[in-house]
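Novice: Here you go, structure_20.tsv (TSV, C-alpha atoms (C1' of nucleotides)):
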```tsv
chain	number	residue	atom	x	y	z
A	172	MET	CA	-9.02	14.98	5.94
A	173	ASP	CA	-7.39	15.94	2.67
A	174	LYS	CA	-5.20	14.29	0.09
A	175	ILE	CA	-2.05	14.84	2.17
A	176	ASP	CA	-3.59	13.10	5.18
A	177	LYS	CA	-4.41	10.15	2.97
A	178	LYS	CA	-0.88	10.12	1.60
A	179	ILE	CA	0.53	10.09	5.12
A	180	ILE	CA	-1.79	7.26	6.11
A	181	GLY	CA	-0.72	5.32	3.04
A	182	LEU	CA	2.94	5.82	3.87
A	183	LEU	CA	2.45	4.72	7.49
A	184	GLN	CA	0.59	1.62	6.30
A	185	GLU	CA	3.56	0.86	4.09
A	186	ASN	CA	6.10	1.42	6.85
A	187	ALA	CA	5.01	2.60	10.28
A	188	ARG	CA	8.59	3.34	11.26
A	189	TYR	CA	9.18	6.11	8.75
A	190	SER	CA	10.60	9.11	10.59
A	191	LEU	CA	8.70	12.40	10.56
A	192	LYS	CA	11.42	13.80	8.37
A	193	GLN	CA	11.09	11.03	5.81
A	194	LEU	CA	7.32	11.49	5.74
A	195	ALA	CA	7.73	15.27	5.45
A	196	GLU	CA	9.95	14.91	2.38
A	197	LYS	CA	7.51	12.56	0.69
A	198	VAL	CA	4.50	14.84	1.17
A	199	PHE	CA	6.43	18.09	0.59
A	200	LEU	CA	5.71	19.52	4.03
A	201	SER	CA	7.80	20.38	7.08
A	202	SER	CA	8.26	17.84	9.89
A	203	PRO	CA	6.17	19.81	12.43
A	204	ALA	CA	3.28	19.96	9.96
A	205	VAL	CA	3.42	16.19	9.49
A	206	ALA	CA	3.65	15.64	13.24
A	207	ALA	CA	0.52	17.76	13.80
A	208	ARG	CA	-1.41	15.87	11.13
A	209	ILE	CA	-0.45	12.49	12.57
A	210	GLU	CA	-1.42	13.61	16.04
A	211	ARG	CA	-4.80	14.71	14.73
A	212	LEU	CA	-5.35	11.44	12.83
A	213	GLU	CA	-4.55	9.51	16.00
A	214	LYS	CA	-6.84	11.67	18.13
A	215	GLU	CA	-9.72	11.19	15.69
A	216	ASN	CA	-9.17	7.42	15.82
A	217	ILE	CA	-8.51	7.24	12.12
A	218	ILE	CA	-5.10	5.78	12.83
A	219	THR	CA	-5.68	3.22	15.59
A	220	GLY	CA	-2.17	1.90	16.09
A	221	TYR	CA	1.17	0.85	14.66
A	222	HIS	CA	2.05	-2.81	14.69
A	223	ALA	CA	4.98	-4.97	13.68
A	224	SER	CA	4.05	-7.87	11.41
A	225	ILE	CA	5.79	-11.05	12.29
A	226	ASN	CA	6.14	-14.35	10.49
A	227	PRO	CA	4.26	-16.91	12.63
A	228	ILE	CA	6.10	-19.84	11.06
A	229	LYS	CA	9.47	-18.50	12.23
A	230	LEU	CA	8.06	-18.58	15.76
A	231	GLY	CA	6.90	-22.17	15.42
A	232	TYR	CA	3.26	-21.44	14.59
A	233	HIS	CA	2.88	-23.59	11.52
A	234	ILE	CA	-0.90	-23.88	11.40
A	235	THR	CA	-3.25	-21.00	10.64
A	236	ALA	CA	-6.97	-21.70	10.43
A	237	PHE	CA	-10.38	-20.07	10.23
A	238	ILE	CA	-13.03	-21.50	12.51
A	239	ASN	CA	-16.71	-20.85	11.96
A	240	LEU	CA	-18.57	-21.23	15.24
A	241	GLU	CA	-22.33	-21.58	15.48
A	242	MET	CA	-23.12	-20.29	18.94
A	243	SER	CA	-26.26	-19.25	20.79
A	244	PRO	CA	-26.05	-15.52	21.60
A	245	THR	CA	-26.52	-16.25	25.33
A	246	LYS	CA	-22.98	-17.66	25.42
A	247	LYS	CA	-21.41	-14.38	24.27
A	248	ASP	CA	-20.70	-13.26	27.82
A	249	THR	CA	-18.30	-16.12	28.43
A	250	PHE	CA	-17.11	-16.47	24.84
A	251	TYR	CA	-15.88	-12.91	24.31
A	252	PRO	CA	-13.52	-12.81	27.31
A	253	PHE	CA	-12.24	-16.24	26.31
A	254	VAL	CA	-11.29	-15.30	22.74
A	255	GLN	CA	-9.94	-11.95	23.83
A	256	GLN	CA	-7.49	-13.44	26.28
A	257	CYS	CA	-6.52	-16.41	24.13
A	258	PRO	CA	-3.16	-15.56	22.52
A	259	ASN	CA	-3.77	-17.95	19.62
A	260	VAL	CA	-6.77	-15.96	18.43
A	261	ILE	CA	-5.57	-13.56	15.74
A	262	GLU	CA	-8.99	-12.14	14.93
A	263	CYS	CA	-12.62	-12.77	15.83
A	264	ASN	CA	-15.67	-11.39	14.05
A	265	CYS	CA	-19.40	-11.73	14.53
A	266	VAL	CA	-20.80	-12.42	11.06
A	267	THR	CA	-24.08	-13.07	9.25
A	268	GLY	CA	-25.29	-16.61	8.65
A	269	SER	CA	-25.82	-19.57	10.89
A	270	TYR	CA	-22.11	-19.87	11.70
A	271	SER	CA	-22.17	-16.66	13.69
A	272	MET	CA	-18.54	-16.27	14.80
A	273	LEU	CA	-15.58	-16.38	12.46
A	274	ILE	CA	-12.29	-16.87	14.30
A	275	LYS	CA	-8.79	-16.77	12.88
A	276	VAL	CA	-6.26	-18.73	14.91
A	277	CYS	CA	-2.59	-19.74	14.87
A	278	PHE	CA	-1.11	-22.90	16.43
A	279	PRO	CA	2.20	-24.74	16.45
A	280	SER	CA	0.56	-27.84	14.96
A	281	THR	CA	-2.78	-29.44	14.18
A	282	MET	CA	-2.63	-31.10	17.59
A	283	GLU	CA	-3.07	-27.82	19.47
A	284	LEU	CA	-5.66	-26.66	16.93
A	285	ASP	CA	-7.61	-29.85	17.53
A	286	SER	CA	-7.46	-29.32	21.26
A	287	PHE	CA	-8.64	-25.72	20.85
A	288	ILE	CA	-11.59	-26.81	18.70
A	289	GLY	CA	-12.40	-29.32	21.41
A	290	HIS	CA	-12.67	-26.49	23.92
A	291	LEU	CA	-14.87	-24.52	21.52
A	292	GLN	CA	-17.46	-27.32	21.60
A	293	LYS	CA	-18.57	-25.83	24.92
A	294	PHE	CA	-19.86	-22.84	22.96
A	295	GLY	CA	-21.38	-24.49	19.89
A	296	THR	CA	-20.64	-26.41	16.72
A	297	THR	CA	-17.64	-25.57	14.56
A	298	LYS	CA	-16.50	-25.80	10.96
A	299	THR	CA	-12.77	-25.37	10.40
A	300	GLN	CA	-10.74	-24.39	7.34
A	301	ILE	CA	-6.96	-24.71	7.55
A	302	VAL	CA	-4.96	-22.30	5.42
A	303	PHE	CA	-2.63	-23.80	2.83
A	304	SER	CA	-1.21	-20.57	1.50
A	305	THR	CA	-1.77	-16.87	1.63
A	306	SER	CA	-1.97	-15.05	-1.70
A	307	VAL	CA	-2.72	-11.69	-0.07
A	308	PRO	CA	-1.28	-11.24	3.43
A	309	HIS	CA	-3.36	-9.12	5.80
A	310	ARG	CA	-3.11	-5.48	4.78
A	311	GLY	CA	-4.96	-2.23	5.41
A	312	ILE	CA	-7.57	-0.81	3.11
A	313	SER	CA	-5.67	1.09	0.44
A	314	ILE	CA	-6.28	4.79	0.10
A	315	THR	CA	-4.38	5.93	-2.94
A	316	ALA	CA	-5.30	9.07	-4.88
A	317	GLU	CA	-6.94	6.99	-7.60
A	318	ASP	CA	-9.27	5.32	-5.10
A	319	VAL	CA	-10.21	8.65	-3.67
A	320	GLU	CA	-11.19	9.97	-7.06
A	321	ALA	CA	-13.00	6.84	-8.11
A	322	GLY	CA	-14.81	6.56	-4.77
A	323	VAL	CA	-14.76	2.79	-5.05
A	324	SER	CA	-12.35	0.13	-6.19
A	325	ASN	CA	-11.19	-0.19	-9.74
A	326	LEU	CA	-13.14	-3.31	-10.52
B	197	MET	CA	16.34	-15.84	19.36
B	198	ASP	CA	16.18	-15.37	23.10
B	199	LYS	CA	13.76	-13.93	25.60
B	200	ILE	CA	14.88	-10.36	24.90
B	201	ASP	CA	14.23	-10.75	21.17
B	202	LYS	CA	10.74	-11.95	21.99
B	203	LYS	CA	10.20	-9.02	24.34
B	204	ILE	CA	11.29	-6.61	21.60
B	205	ILE	CA	8.95	-8.27	19.09
B	206	GLY	CA	6.11	-8.01	21.60
B	207	LEU	CA	6.79	-4.32	22.15
B	208	LEU	CA	6.93	-3.61	18.43
B	209	GLN	CA	3.65	-5.46	17.93
B	210	GLU	CA	2.14	-3.25	20.63
B	211	ASN	CA	3.54	-0.04	19.12
B	212	ALA	CA	5.76	-0.15	16.06
B	213	ARG	CA	6.71	3.51	16.54
B	214	TYR	CA	8.53	3.04	19.85
B	215	SER	CA	11.95	4.65	19.55
B	216	LEU	CA	15.08	2.55	20.02
B	217	LYS	CA	15.65	4.37	23.28
B	218	GLN	CA	12.19	3.51	24.62
B	219	LEU	CA	12.69	-0.11	23.62
B	220	ALA	CA	16.16	-0.13	25.19
B	221	GLU	CA	14.79	1.08	28.54
B	222	LYS	CA	12.08	-1.55	28.55
B	223	VAL	CA	14.44	-4.45	27.87
B	224	PHE	CA	17.32	-3.07	30.00
B	225	LEU	CA	19.80	-2.84	27.14
B	226	SER	CA	21.51	0.01	25.32
B	227	SER	CA	19.99	1.45	22.13
B	228	PRO	CA	22.74	0.13	19.81
B	229	ALA	CA	22.18	-3.36	21.19
B	230	VAL	CA	18.44	-3.10	20.50
B	231	ALA	CA	19.09	-1.68	17.03
B	232	ALA	CA	21.35	-4.64	16.22
B	233	ARG	CA	18.75	-7.12	17.41
B	234	ILE	CA	15.98	-5.50	15.38
B	235	GLU	CA	18.18	-5.45	12.31
B	236	ARG	CA	18.83	-9.15	12.75
B	237	LEU	CA	15.13	-9.95	13.26
B	238	GLU	CA	14.31	-8.07	10.05
B	239	LYS	CA	17.09	-9.77	8.10
B	240	GLU	CA	15.89	-13.20	9.25
B	241	ASN	CA	12.36	-12.31	8.11
B	242	ILE	CA	10.97	-12.79	11.57
B	243	ILE	CA	9.77	-9.20	11.56
B	244	THR	CA	8.28	-8.69	8.10
B	245	GLY	CA	7.11	-5.09	8.39
B	246	TYR	CA	5.58	-2.28	10.41
B	247	HIS	CA	2.10	-1.11	9.51
B	248	ALA	CA	-0.33	1.53	10.71
B	249	SER	CA	-3.80	0.20	11.54
B	250	ILE	CA	-6.57	2.41	10.33
B	251	ASN	CA	-10.28	2.49	11.03
B	252	PRO	CA	-11.99	1.59	7.73
B	253	ILE	CA	-15.30	3.11	8.84
B	254	LYS	CA	-13.70	6.54	9.27
B	255	LEU	CA	-12.62	6.31	5.64
B	256	GLY	CA	-16.11	5.42	4.46
B	257	TYR	CA	-15.65	1.66	4.27
B	258	HIS	CA	-18.68	0.55	6.26
B	259	ILE	CA	-18.94	-3.04	5.07
B	260	THR	CA	-16.42	-5.74	5.89
B	261	ALA	CA	-17.09	-9.26	4.69
B	262	PHE	CA	-15.55	-12.70	4.29
B	263	ILE	CA	-16.16	-14.40	0.96
B	264	ASN	CA	-15.66	-18.12	0.49
B	265	LEU	CA	-14.95	-18.85	-3.15
B	266	GLU	CA	-15.13	-22.32	-4.67
B	267	MET	CA	-12.82	-22.15	-7.63
B	268	SER	CA	-11.19	-24.65	-9.95
B	269	PRO	CA	-7.39	-24.52	-9.48
B	270	THR	CA	-6.93	-23.78	-13.20
B	271	LYS	CA	-8.28	-20.25	-12.60
B	272	LYS	CA	-5.56	-19.41	-10.08
B	273	ASP	CA	-3.38	-17.76	-12.69
B	274	THR	CA	-5.94	-15.06	-13.36
B	275	PHE	CA	-7.43	-14.95	-9.86
B	276	TYR	CA	-4.23	-14.26	-7.93
B	277	PRO	CA	-3.22	-11.12	-9.84
B	278	PHE	CA	-6.81	-9.92	-9.58
B	279	VAL	CA	-7.07	-10.17	-5.79
B	280	GLN	CA	-3.55	-8.87	-5.32
B	281	GLN	CA	-4.23	-5.66	-7.21
B	282	CYS	CA	-7.75	-5.13	-5.88
B	283	PRO	CA	-7.49	-2.52	-3.10
B	284	ASN	CA	-10.66	-3.77	-1.42
B	285	VAL	CA	-9.11	-7.15	-0.69
B	286	ILE	CA	-7.72	-7.05	2.83
B	287	GLU	CA	-6.56	-10.64	2.91
B	288	CYS	CA	-6.84	-13.76	0.78
B	289	ASN	CA	-6.04	-17.31	1.82
B	290	CYS	CA	-6.17	-20.66	0.12
B	291	VAL	CA	-7.89	-23.01	2.56
B	292	THR	CA	-9.01	-26.62	2.97
B	293	GLY	CA	-12.55	-27.64	2.05
B	294	SER	CA	-14.64	-27.21	-1.05
B	295	TYR	CA	-14.70	-23.42	-0.69
B	296	SER	CA	-11.04	-23.15	-1.53
B	297	MET	CA	-10.39	-19.40	-1.24
B	298	LEU	CA	-11.27	-17.28	1.77
B	299	ILE	CA	-11.20	-13.57	0.98
B	300	LYS	CA	-11.61	-10.69	3.42
B	301	VAL	CA	-12.87	-7.48	1.79
B	302	CYS	CA	-13.90	-3.93	2.68
B	303	PHE	CA	-16.41	-1.80	0.78
B	304	PRO	CA	-18.20	1.52	1.26
B	305	SER	CA	-21.61	-0.22	1.14
B	306	THR	CA	-23.32	-3.49	0.29
B	307	MET	CA	-23.82	-2.18	-3.24
B	308	GLU	CA	-20.12	-2.31	-4.07
B	309	LEU	CA	-19.77	-5.63	-2.24
B	310	ASP	CA	-22.57	-7.04	-4.37
B	311	SER	CA	-20.90	-5.78	-7.52
B	312	PHE	CA	-17.60	-7.35	-6.42
B	313	ILE	CA	-19.27	-10.70	-5.76
B	314	GLY	CA	-20.79	-10.42	-9.23
B	315	HIS	CA	-17.29	-10.17	-10.69
B	316	LEU	CA	-16.16	-13.15	-8.63
B	317	GLN	CA	-18.74	-15.36	-10.38
B	318	LYS	CA	-16.25	-15.54	-13.25
B	319	PHE	CA	-14.03	-17.60	-10.99
B	320	GLY	CA	-16.53	-19.83	-9.22
B	321	THR	CA	-19.37	-19.93	-6.72
B	322	THR	CA	-19.30	-17.82	-3.57
B	323	LYS	CA	-20.68	-17.82	-0.06
B	324	THR	CA	-20.48	-14.47	1.77
B	325	GLN	CA	-20.54	-13.57	5.45
B	326	ILE	CA	-20.87	-9.89	6.36
B	327	VAL	CA	-19.19	-8.73	9.58
B	328	PHE	CA	-21.55	-7.31	12.23
B	329	SER	CA	-18.95	-6.62	14.88
B	330	THR	CA	-15.36	-7.44	15.72
B	331	SER	CA	-14.69	-8.80	19.19
B	332	VAL	CA	-10.97	-9.31	18.52
B	333	PRO	CA	-9.46	-6.92	15.96
B	334	HIS	CA	-6.67	-8.37	13.82
B	335	ARG	CA	-3.53	-8.75	15.94
B	336	GLY	CA	-0.25	-10.61	15.77
B	337	ILE	CA	0.42	-13.91	17.46
B	338	SER	CA	1.36	-13.10	21.03
B	339	ILE	CA	4.77	-14.14	22.26
B	340	THR	CA	4.90	-13.40	25.96
B	341	ALA	CA	7.28	-15.14	28.33
B	342	GLU	CA	4.48	-17.37	29.61
B	343	ASP	CA	3.70	-18.63	26.11
B	344	VAL	CA	7.34	-19.40	25.55
B	345	GLU	CA	7.56	-21.49	28.67
B	346	ALA	CA	4.26	-23.26	28.11
B	347	GLY	CA	5.04	-23.89	24.44
B	348	VAL	CA	1.37	-23.55	23.59
B	349	SER	CA	-1.54	-21.36	24.54
B	350	ASN	CA	-2.98	-21.26	28.02
B	351	LEU	CA	-6.19	-23.05	27.18
C	62	DG	C1'	2.36	25.85	7.68
C	63	DA	C1'	7.48	27.41	7.74
C	64	DT	C1'	11.72	28.44	10.11
C	65	DG	C1'	15.49	28.11	13.40
C	66	DA	C1'	17.30	26.74	17.90
C	67	DA	C1'	17.45	23.53	21.59
C	68	DA	C1'	16.60	18.93	23.23
C	69	DC	C1'	16.61	14.45	21.96
C	70	DA	C1'	17.52	10.09	19.71
C	71	DG	C1'	20.33	7.29	16.58
C	72	DC	C1'	24.78	5.85	14.71
C	73	DC	C1'	29.54	4.53	14.52
C	74	DG	C1'	33.90	3.51	16.47
C	75	DA	C1'	36.78	2.15	20.55
C	76	DG	C1'	37.34	-0.48	24.52
C	77	DC	C1'	35.48	-3.79	27.89
C	78	DT	C1'	33.66	-8.30	29.75
D	196	DA	C1'	30.93	-12.33	20.09
D	197	DG	C1'	28.12	-9.21	22.05
D	198	DC	C1'	27.57	-5.18	25.11
D	199	DT	C1'	28.45	-0.49	26.81
D	200	DC	C1'	30.26	4.05	26.51
D	201	DG	C1'	31.76	8.08	24.13
D	202	DG	C1'	31.28	11.57	20.45
D	203	DC	C1'	29.18	13.13	16.28
D	204	DT	C1'	25.13	13.25	13.11
D	205	DG	C1'	20.45	13.48	12.24
D	206	DT	C1'	15.72	14.01	14.01
D	207	DT	C1'	12.01	15.88	16.76
D	208	DT	C1'	9.99	19.54	19.24
D	209	DC	C1'	8.90	24.17	20.56
D	210	DA	C1'	8.65	29.13	19.98
D	211	DT	C1'	8.08	32.54	16.77
D	212	DC	C1'	6.60	34.46	12.52
```
Kindly return the structure encoded in the file as structure tokens.

Specialist:
Amino acid sequence: MDKIDKKIIGLLQENARYSLKQLAEKVFLSSPAVAARIERLEKENIITGYHASINPIKLGYHITAFINLEMSPTKKDTFYPFVQQCPNVIECNCVTGSYSMLIKVCFPSTMELDSFIGHLQKFGTTKTQIVFSTSVPHRGISITAEDVEAGVSNL
Amino acid sequence: MDKIDKKIIGLLQENARYSLKQLAEKVFLSSPAVAARIERLEKENIITGYHASINPIKLGYHITAFINLEMSPTKKDTFYPFVQQCPNVIECNCVTGSYSMLIKVCFPSTMELDSFIGHLQKFGTTKTQIVFSTSVPHRGISITAEDVEAGVSNL
DNA sequence: GATGAAACAGCCGAGCT
DNA sequence: AGCTCGGCTGTTTCATC
């Protein structure tokens, strides 16, 4: 895991559809060398996937919200399969604090969100925050050369 | 925006590095036809990008947390550039409720997180939730044929 | 990790439905 | 208008060094 690996990762975070040749030019290596590095990064589970980002609003999903759910741990066995299969769940984390699950969801309107929260009552009590605007859209952790040298962020 | 477009979007969400030919086979179209559709979806800002997902832990970022920040709106002008340039900020949303900003961050350890929260005090009061585990990793809104027909999620 | 050849995929134009 | 088919170009992959 050297500087070139990090550069490749950075480039693939920027645009996962760069061709091997394009990547090779940018890191001053040959295409086969880049291909081998990417294969290794995938095998080591450093790169876990390549995903298209889509605009939920253009698909009619106008409401994004974060739901904090206070749930007794005994309910996990039914809760986890539920959130995993629910297409409106964008992300779900188990977090510290009394509101133990933090769930990010997307819905066409507040009506469907309301209905979803209703279903969540089965699992525990909820506290919902609807997003107004997004100043930083979801992105990967940045791994530029500066960060590497500094070890931590440039606070 | 028909069923085939949605299928293509779904496939690119699953793996953004599928070749045009692979996509073409899966949707029973020719590669040029798929290329034209993708170009259109990008131009219409339905597809906003293609990004590699990486495992933060493998890069030494062991702590992920959500920070709720209660901030007076007058501080936005300095806060927005700050979070946008900070590489540890994975996502930042303006949300309803008294804790107006919800910030997702990644740090090597709790030490750096603590230091970051210290800096945030300039902007307002914070409430932090550290992530223990992730039951649903960040994913795009799913747009399968079933969803399209149902209009909403299969609750 | 580089190079060169062969296989493969992508691109552009013409013709079709 | 949008799709397919053909050929040319560019890209990936494999063998060799």

Novice: Since chain B and chain A share a sequence, can you fit the second onto the first over all C-alpha atoms in order and output it as a CSV table (one decimal) with C-alpha atoms, in the coordinates of the input?

Specialist:
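That gives us selection.csv:
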```csv
chain,number,residue,atom,x,y,z
A,172,MET,CA,16.3,-15.8,19.3
A,173,ASP,CA,16.2,-15.4,23.0
A,174,LYS,CA,13.7,-13.9,25.5
A,175,ILE,CA,14.9,-10.4,24.9
A,176,ASP,CA,14.2,-10.8,21.1
A,177,LYS,CA,10.7,-12.0,21.9
A,178,LYS,CA,10.2,-9.0,24.3
A,179,ILE,CA,11.3,-6.6,21.6
A,180,ILE,CA,8.9,-8.3,19.1
A,181,GLY,CA,6.1,-8.0,21.6
A,182,LEU,CA,6.8,-4.3,22.2
A,183,LEU,CA,6.9,-3.6,18.4
A,184,GLN,CA,3.6,-5.4,17.9
A,185,GLU,CA,2.2,-3.2,20.6
A,186,ASN,CA,3.5,0.0,19.1
A,187,ALA,CA,5.7,-0.1,16.1
A,188,ARG,CA,6.7,3.5,16.6
A,189,TYR,CA,8.5,3.1,19.8
A,190,SER,CA,11.9,4.7,19.6
A,191,LEU,CA,15.1,2.6,20.0
A,192,LYS,CA,15.7,4.4,23.2
A,193,GLN,CA,12.2,3.5,24.6
A,194,LEU,CA,12.7,-0.1,23.6
A,195,ALA,CA,16.2,-0.1,25.1
A,196,GLU,CA,14.8,1.1,28.5
A,197,LYS,CA,12.1,-1.6,28.5
A,198,VAL,CA,14.5,-4.5,27.8
A,199,PHE,CA,17.3,-3.1,30.0
A,200,LEU,CA,19.8,-2.9,27.1
A,201,SER,CA,21.5,0.0,25.3
A,202,SER,CA,20.0,1.5,22.1
A,203,PRO,CA,22.7,0.1,19.8
A,204,ALA,CA,22.1,-3.4,21.1
A,205,VAL,CA,18.4,-3.1,20.4
A,206,ALA,CA,19.1,-1.7,17.0
A,207,ALA,CA,21.3,-4.6,16.1
A,208,ARG,CA,18.7,-7.1,17.3
A,209,ILE,CA,15.9,-5.5,15.3
A,210,GLU,CA,18.1,-5.4,12.2
A,211,ARG,CA,18.8,-9.1,12.7
A,212,LEU,CA,15.1,-9.9,13.2
A,213,GLU,CA,14.3,-8.0,10.0
A,214,LYS,CA,17.0,-9.8,8.0
A,215,GLU,CA,15.8,-13.2,9.2
A,216,ASN,CA,12.3,-12.3,8.1
A,217,ILE,CA,10.9,-12.8,11.5
A,218,ILE,CA,9.7,-9.2,11.5
A,219,THR,CA,8.2,-8.7,8.1
A,220,GLY,CA,7.0,-5.1,8.4
A,221,TYR,CA,5.5,-2.3,10.4
A,222,HIS,CA,2.1,-1.1,9.5
A,223,ALA,CA,-0.3,1.6,10.7
A,224,SER,CA,-3.8,0.2,11.6
A,225,ILE,CA,-6.6,2.4,10.3
A,226,ASN,CA,-10.3,2.5,11.1
A,227,PRO,CA,-12.0,1.6,7.8
A,228,ILE,CA,-15.3,3.1,8.9
A,229,LYS,CA,-13.7,6.6,9.3
A,230,LEU,CA,-12.6,6.3,5.6
A,231,GLY,CA,-16.1,5.4,4.5
A,232,TYR,CA,-15.6,1.7,4.3
A,233,HIS,CA,-18.7,0.5,6.3
A,234,ILE,CA,-18.9,-3.0,5.1
A,235,THR,CA,-16.4,-5.8,5.9
A,236,ALA,CA,-17.1,-9.3,4.7
A,237,PHE,CA,-15.5,-12.7,4.3
A,238,ILE,CA,-16.1,-14.4,1.0
A,239,ASN,CA,-15.6,-18.1,0.5
A,240,LEU,CA,-14.9,-18.9,-3.2
A,241,GLU,CA,-15.1,-22.3,-4.7
A,242,MET,CA,-12.8,-22.1,-7.6
A,243,SER,CA,-11.2,-24.6,-10.0
A,244,PRO,CA,-7.4,-24.5,-9.5
A,245,THR,CA,-6.9,-23.8,-13.2
A,246,LYS,CA,-8.2,-20.2,-12.6
A,247,LYS,CA,-5.5,-19.4,-10.1
A,248,ASP,CA,-3.3,-17.7,-12.7
A,249,THR,CA,-5.9,-15.0,-13.3
A,250,PHE,CA,-7.4,-15.0,-9.9
A,251,TYR,CA,-4.2,-14.3,-7.9
A,252,PRO,CA,-3.2,-11.1,-9.8
A,253,PHE,CA,-6.8,-9.9,-9.6
A,254,VAL,CA,-7.0,-10.2,-5.8
A,255,GLN,CA,-3.5,-8.9,-5.3
A,256,GLN,CA,-4.2,-5.7,-7.2
A,257,CYS,CA,-7.7,-5.1,-5.8
A,258,PRO,CA,-7.5,-2.5,-3.1
A,259,ASN,CA,-10.6,-3.8,-1.4
A,260,VAL,CA,-9.1,-7.2,-0.7
A,261,ILE,CA,-7.7,-7.1,2.9
A,262,GLU,CA,-6.5,-10.7,2.9
A,263,CYS,CA,-6.8,-13.8,0.8
A,264,ASN,CA,-6.0,-17.3,1.8
A,265,CYS,CA,-6.1,-20.7,0.1
A,266,VAL,CA,-7.9,-23.0,2.6
A,267,THR,CA,-9.0,-26.6,3.0
A,268,GLY,CA,-12.6,-27.7,2.0
A,269,SER,CA,-14.6,-27.2,-1.0
A,270,TYR,CA,-14.7,-23.4,-0.7
A,271,SER,CA,-11.0,-23.1,-1.5
A,272,MET,CA,-10.4,-19.4,-1.2
A,273,LEU,CA,-11.3,-17.3,1.8
A,274,ILE,CA,-11.2,-13.6,1.0
A,275,LYS,CA,-11.6,-10.7,3.4
A,276,VAL,CA,-12.8,-7.5,1.8
A,277,CYS,CA,-13.9,-4.0,2.7
A,278,PHE,CA,-16.4,-1.8,0.8
A,279,PRO,CA,-18.2,1.5,1.3
A,280,SER,CA,-21.6,-0.2,1.2
A,281,THR,CA,-23.3,-3.5,0.3
A,282,MET,CA,-23.8,-2.2,-3.2
A,283,GLU,CA,-20.1,-2.3,-4.0
A,284,LEU,CA,-19.7,-5.6,-2.2
A,285,ASP,CA,-22.5,-7.0,-4.4
A,286,SER,CA,-20.8,-5.8,-7.5
A,287,PHE,CA,-17.5,-7.3,-6.4
A,288,ILE,CA,-19.2,-10.7,-5.8
A,289,GLY,CA,-20.7,-10.4,-9.2
A,290,HIS,CA,-17.2,-10.1,-10.7
A,291,LEU,CA,-16.1,-13.1,-8.6
A,292,GLN,CA,-18.7,-15.3,-10.4
A,293,LYS,CA,-16.2,-15.5,-13.3
A,294,PHE,CA,-14.0,-17.6,-11.0
A,295,GLY,CA,-16.5,-19.8,-9.2
A,296,THR,CA,-19.3,-19.9,-6.7
A,297,THR,CA,-19.3,-17.8,-3.6
A,298,LYS,CA,-20.7,-17.8,-0.1
A,299,THR,CA,-20.5,-14.5,1.8
A,300,GLN,CA,-20.5,-13.6,5.5
A,301,ILE,CA,-20.8,-9.9,6.4
A,302,VAL,CA,-19.3,-8.9,9.7
A,303,PHE,CA,-21.5,-7.3,12.3
A,304,SER,CA,-18.9,-6.7,14.9
A,305,THR,CA,-15.4,-7.5,15.7
A,306,SER,CA,-14.7,-8.8,19.2
A,307,VAL,CA,-11.0,-9.4,18.5
A,308,PRO,CA,-9.5,-7.0,16.0
A,309,HIS,CA,-6.7,-8.4,13.9
A,310,ARG,CA,-3.5,-8.8,16.0
A,311,GLY,CA,-0.2,-10.6,15.8
A,312,ILE,CA,0.4,-13.9,17.5
A,313,SER,CA,1.3,-13.1,21.0
A,314,ILE,CA,4.7,-14.1,22.3
A,315,THR,CA,4.8,-13.4,26.0
A,316,ALA,CA,7.2,-15.1,28.4
A,317,GLU,CA,4.4,-17.3,29.7
A,318,ASP,CA,3.6,-18.6,26.2
A,319,VAL,CA,7.3,-19.3,25.6
A,320,GLU,CA,7.5,-21.4,28.7
A,321,ALA,CA,4.2,-23.2,28.2
A,322,GLY,CA,5.0,-23.9,24.5
A,323,VAL,CA,1.3,-23.6,23.6
A,324,SER,CA,-1.6,-21.4,24.6
A,325,ASN,CA,-3.0,-21.4,28.0
A,326,LEU,CA,-6.2,-23.2,27.2
```

Novice: Write out as a ChimeraX atom specification each polymer residue whose atoms come within 9 Å of region 199-205 of chain D, counting only C-alpha atoms (C1' of nucleotides); drop sequence neighbours fewer than 2 positions from it.

Specialist: /B:225-226,229 /C:70-73,75-77

Novice: If you measure from CA of Thr270 (chain B) to CA of Ser280 (chain A), what distance in Å do you get, rounded to one decimal?

Specialist: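 The value is 29.4 Å.
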
Novice: Counting only C-alpha atoms, which residues of chain A come no farther than 7 Å from chain B, as a ChimeraX atom specification?

Specialist: /A:183-188,216-227,229,251,255,258-259,261-268,300-313,324

Novice: When you look at region 206-210 of chain D with a cut-off of 9 Å (counting all atoms listed in the file), what residues show up, excluding the ones that are within fewer than 2 positions of it in the same chain? I need them as an mmCIF file with C-alpha atoms (C1' of nucleotides), keeping the file's coordinate frame.

Specialist:
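Writing done, so here's result24.cif:
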```
data_model
loop_
_atom_site.group_PDB
_atom_site.id
_atom_site.type_symbol
_atom_site.label_atom_id
_atom_site.label_comp_id
_atom_site.auth_asym_id
_atom_site.auth_seq_id
_atom_site.Cartn_x
_atom_site.Cartn_y
_atom_site.Cartn_z
ATOM 1 C CA SER A 190 10.600 9.110 10.590
ATOM 2 C CA LEU A 191 8.700 12.400 10.560
ATOM 3 C CA LYS A 192 11.420 13.800 8.370
ATOM 4 C CA SER A 202 8.260 17.840 9.890
ATOM 5 C CA PRO A 203 6.170 19.810 12.430
ATOM 6 C "C1'" DA C 67 17.450 23.530 21.590
ATOM 7 C "C1'" DA C 68 16.600 18.930 23.230
ATOM 8 C "C1'" DC C 69 16.610 14.450 21.960
ATOM 9 C "C1'" DA C 70 17.520 10.090 19.710
ATOM 10 C "C1'" DG C 71 20.330 7.290 16.580
#
```

Novice: Could you pull the residues within 12 Å of DT211 (chain D), counting only C-alpha atoms (C1' of nucleotides), minus those fewer than 4 positions along the same chain, as an mmCIF file with C-alpha atoms (C1' of nucleotides), in the frame of the given file?

Specialist:
```
data_model
loop_
_atom_site.group_PDB
_atom_site.id
_atom_site.type_symbol
_atom_site.label_atom_id
_atom_site.label_comp_id
_atom_site.auth_asym_id
_atom_site.auth_seq_id
_atom_site.Cartn_x
_atom_site.Cartn_y
_atom_site.Cartn_z
ATOM 1 C "C1'" DA C 63 7.480 27.410 7.740
ATOM 2 C "C1'" DT C 64 11.720 28.440 10.110
ATOM 3 C "C1'" DG C 65 15.490 28.110 13.400
ATOM 4 C "C1'" DA C 66 17.300 26.740 17.900
#
```
